[in-house]
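See below for the structure under consideration.
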Amino acid sequence: MAYRQTSAPVSEFKPTTPKVATHPLEQLEVPDDAHLPAAQRQELKLELLRKALAAAPADIALNEAYQKVRLGGMEVNRPDLISEYEQLLAKHPIPVSCTSPPKRKWAARRRRRLPT
Amino acid sequence: MGRKTKEAIANLERAIELSPRFGLPHLLLAQIYFAHAYENTAEADRHPERFAELCPTSVRALPTLRWSKDKELIRREAARLRKNVEARTDSDAVAAYPTLWGFEVALERSDQQSENQARMRRDIDRLFEPQFARNSAWLATIQATSFFDGAPEDVGRKAQHELAVLYPNSDAALHEEYHQLTAGLQYPRMGSPEQIAAYGRQMWQSVLPLVRKWPAMQWLADRAARAVTEDRSATPKEVADIIALYQNAIRQDPDGERTSPPEPIWIAQMLVDRGGPFDAVPDLVRAGFSETERELGADAINDVSGATVDALVHLRDAWYIMGYLPLAEAYVRLGQLTSADDALSQADLRLNAIRPAENASSSDKARFAELAAPYWFVRGLYGEKDGRKMDALVDYRNALALYPPRRPSPDRRDGVMTSAERLWKELGGTAQGWNDWAAESSLAGFYRGSGGSTAWSKLAESSPDLVFTDALGNRWNPRDLAKKTTFVTMWASWCGPCRAELPYFEKLYHHFQGRNDIAVLALNVDDDPKAMTTALQELKVSIPSIAARNFAYSIVPEMALPANWIISPGKTEMFAGDESSHEAWLESAVTAIDKAAEK
């Protein structure tokens, strides 16, 4: 079969400007600076996710990404993460589904709770 | 999920009750029911189906579903996933390709993958189109193609290069530099100590500038540390400098290199094996213990990810023993006998905790012996240093009696034998007494694996009436096999790579069928012979496989799986073959067997 794209020698690649990622989950996939210590790299990712979650707290994909970064593949981080979410759940029980975006329900709930 | 999996199941079921249209809990439940500790085939198959009904356009699926026996379910999931990933270009979709390829591969025998391979190559072509963002998910997907037969060579390198050019501070850029600097350096497997030392020297000298440039990458500093411990000509200062860089990298990137046991423990053992310097060993072992606690400590025991709690506690004990042994030896060499004694006591406690029961499997017993033998060796070193030569001799002999069959990675059993013989002579023992002891001692594991080119004849001598029958009904006699060139593959029903190789082994068998000078045999090492029959039925292969648990490892020089050997009357060689694809492997096996038979 024709195999133009991938059979090109490594040296033929012409760099272009990287695409600017706008969605937080896409930003998370932008390679980080490997000169930085691991804790700092992790903190930068968490900062990005915390901001995103502040705007869309019930976004399942963001929550999953946050949990993944927070765990960092180390089980020892799990109990703290579980208790963080247990506290969150006690404050905000949220029904969600794949088909109806949860963001709106969350916003409505929050609006109802605003002091008058 | 994690330490509270039963609670997680209840929560997920509650979530389904509250929000019946919420798909994610089904995927997570399937993940739990697929895990070894919670295995429930019916539930494991039911939940992915429900997820697919609720979230038909999702690009998520359970990767382990590829091991399901329900091929129709895998087929449906593969079709759903393909339709969805092909409609998108975002990172989630890109990251789903390896799962999709895994499903598609699982639907066919390993020798009937041409359609899948063509489809994967089309996918790769598409992934290199400009609409796909070059990022970590993209690189991981392209690099995952190396796990599948039929991917174009070097496609991972090409993707890495693209990313390195776009992001010069990224891990991809670092890997790119690493590959350029170490191009052409290949570890001399089965090489002489001098060849290994020369490789180590070239390696650490190539990598050292990079370690200084990228100090926060544990994997990189680890390459230099491993290499310098292999270089027996390196000066103590050269070793100490690189170990200091490695320790700095551990501090900056504590979880950057995940191995079993933790990498600092490996490095500590390698330092001890090379004869020091020993000063850094305690800190390295401490770093290893710290990682052990983060990964397997009481707070970190996970009851779902592929193992039971007991198995993880067992693993934690094993990692501790693997740390205490180099620690104790370093203290002995440094003359700090009290600390050595403490470390040995700790190792002893943990060894007792994991001692296998009488009816444990042979692999469990071998794993224990791999830890117990070096424990007795270090105890012997300690006894000798403490002036208790007779005690030390007993300890060395305990070690010799415990060593299991050799593995590909070298151990120090020959050194233990030398130390024991030396001490025996020092204490006034004679050759006669030594031979008397060796003749009556259980050194089967110690010598097992030294079979070599006379392995079949030796087996015939020790068991003159032995005749084994393979799965096809052929009867084999070791005395006849000793006159032939035999191609032997070692396999087990639980070994994935072995299973993938068997359809090609079947072709190899048919290729040489009828040749009187060549025998092609599969030696199955499952504890339960029924597992062999079941696996052959599942794989639909007809091969001359023999339930050989009891003697397989006396035939070949090393215990490893999967492994292939060519045993000819004059020589025994491990056959690695061309690993770029199964087809290439088959071709290289035919050539190698023909060549061996000609001699």
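Ligands are numbered from 1 in the order shown, residues from 1 within each chain, and chains are lettered A, B, ... in the order they appear in the structure tokens.
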
Chain B contacts to chain A at 8 Å (only C-alpha atoms) as a PyMOL selection string: chain B and resi 2+18-19+21-24+54-55+90-91+124-125+128-129+133-137+152+155+157-158+161-162+165-167+169-171+174+214-217+252-254+256+293-297+299-302

Saved selection, atoms kept: C-alpha atoms, as a PDB file, in the first residue's frame:
ATOM      1  CA  GLY B   2      -9.067   1.419  45.375  1.00  0.00           C
ATOM      2  CA  LEU B  18     -30.358   7.653  40.785  1.00  0.00           C
ATOM      3  CA  SER B  19     -29.451   8.404  37.164  1.00  0.00           C
ATOM      4  CA  ARG B  21     -29.161   7.364  31.880  1.00  0.00           C
ATOM      5  CA  PHE B  22     -25.670   7.947  33.337  1.00  0.00           C
ATOM      6  CA  GLY B  23     -23.268   5.682  31.439  1.00  0.00           C
ATOM      7  CA  LEU B  24     -19.946   6.073  33.224  1.00  0.00           C
ATOM      8  CA  LEU B  54     -26.270   4.836  26.947  1.00  0.00           C
ATOM      9  CA  CYS B  55     -23.255   6.561  25.409  1.00  0.00           C
ATOM     10  CA  ASP B  90      -9.542  15.453  19.548  1.00  0.00           C
ATOM     11  CA  SER B  91      -7.068  13.901  21.988  1.00  0.00           C
ATOM     12  CA  ILE B 124      -1.496   5.834  11.273  1.00  0.00           C
ATOM     13  CA  ASP B 125      -1.498   7.642   7.933  1.00  0.00           C
ATOM     14  CA  PHE B 128      -0.125  12.046  10.674  1.00  0.00           C
ATOM     15  CA  GLU B 129      -2.472  14.409   8.824  1.00  0.00           C
ATOM     16  CA  ALA B 133      -2.675  18.167  17.218  1.00  0.00           C
ATOM     17  CA  ARG B 134       0.844  16.981  17.980  1.00  0.00           C
ATOM     18  CA  ASN B 135       0.723  16.372  21.714  1.00  0.00           C
ATOM     19  CA  SER B 136       1.354  13.741  24.386  1.00  0.00           C
ATOM     20  CA  ALA B 137      -1.771  11.716  23.605  1.00  0.00           C
ATOM     21  CA  PRO B 152       5.698   0.643   9.906  1.00  0.00           C
ATOM     22  CA  VAL B 155       6.919   5.489  13.013  1.00  0.00           C
ATOM     23  CA  ARG B 157      10.648   7.824  16.206  1.00  0.00           C
ATOM     24  CA  LYS B 158       9.137   9.990  13.495  1.00  0.00           C
ATOM     25  CA  HIS B 161      10.897  13.876  16.269  1.00  0.00           C
ATOM     26  CA  GLU B 162       7.908  15.987  15.267  1.00  0.00           C
ATOM     27  CA  VAL B 165      10.904  19.988  17.118  1.00  0.00           C
ATOM     28  CA  LEU B 166       7.679  21.646  18.223  1.00  0.00           C
ATOM     29  CA  TYR B 167       8.415  21.408  21.958  1.00  0.00           C
ATOM     30  CA  ASN B 169      11.773  21.361  26.374  1.00  0.00           C
ATOM     31  CA  SER B 170       9.576  18.306  26.279  1.00  0.00           C
ATOM     32  CA  ASP B 171      10.251  14.740  27.288  1.00  0.00           C
ATOM     33  CA  LEU B 174      14.963  14.654  25.673  1.00  0.00           C
ATOM     34  CA  TRP B 214      17.950  17.438  32.346  1.00  0.00           C
ATOM     35  CA  PRO B 215      18.453  16.856  36.091  1.00  0.00           C
ATOM     36  CA  ALA B 216      14.780  16.274  36.927  1.00  0.00           C
ATOM     37  CA  MET B 217      14.328  13.061  34.956  1.00  0.00           C
ATOM     38  CA  GLN B 252      13.154  15.911  41.858  1.00  0.00           C
ATOM     39  CA  ASP B 253      11.222  13.112  40.200  1.00  0.00           C
ATOM     40  CA  PRO B 254      10.453  10.586  42.948  1.00  0.00           C
ATOM     41  CA  GLY B 256       9.521   8.950  37.600  1.00  0.00           C
ATOM     42  CA  GLU B 293       5.443   2.880  50.971  1.00  0.00           C
ATOM     43  CA  ARG B 294       3.977   5.305  48.416  1.00  0.00           C
ATOM     44  CA  GLU B 295       3.114   2.495  46.083  1.00  0.00           C
ATOM     45  CA  LEU B 296       2.338  -0.404  48.403  1.00  0.00           C
ATOM     46  CA  GLY B 297       2.244   1.014  51.934  1.00  0.00           C
ATOM     47  CA  ASP B 299      -2.475   3.492  52.905  1.00  0.00           C
ATOM     48  CA  ALA B 300      -1.717   2.567  49.343  1.00  0.00           C
ATOM     49  CA  ILE B 301      -2.851  -1.024  49.142  1.00  0.00           C
ATOM     50  CA  ASN B 302      -5.276  -1.269  46.286  1.00  0.00           C
TER      51      ASN B 302
END

DSSP strand (DSSP E) residues within region 390-532 of chain B, listed as a ChimeraX atom specification: /B:468-469,475-476,485-491,518-524

Smallest atom-to-atom distance to His47 (chain B): which of B:His179, B:His26, B:Arg189, B:Arg212, using only C-alpha atoms?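 Closest to His47 (chain B), using only C-alpha atoms: B:His26.
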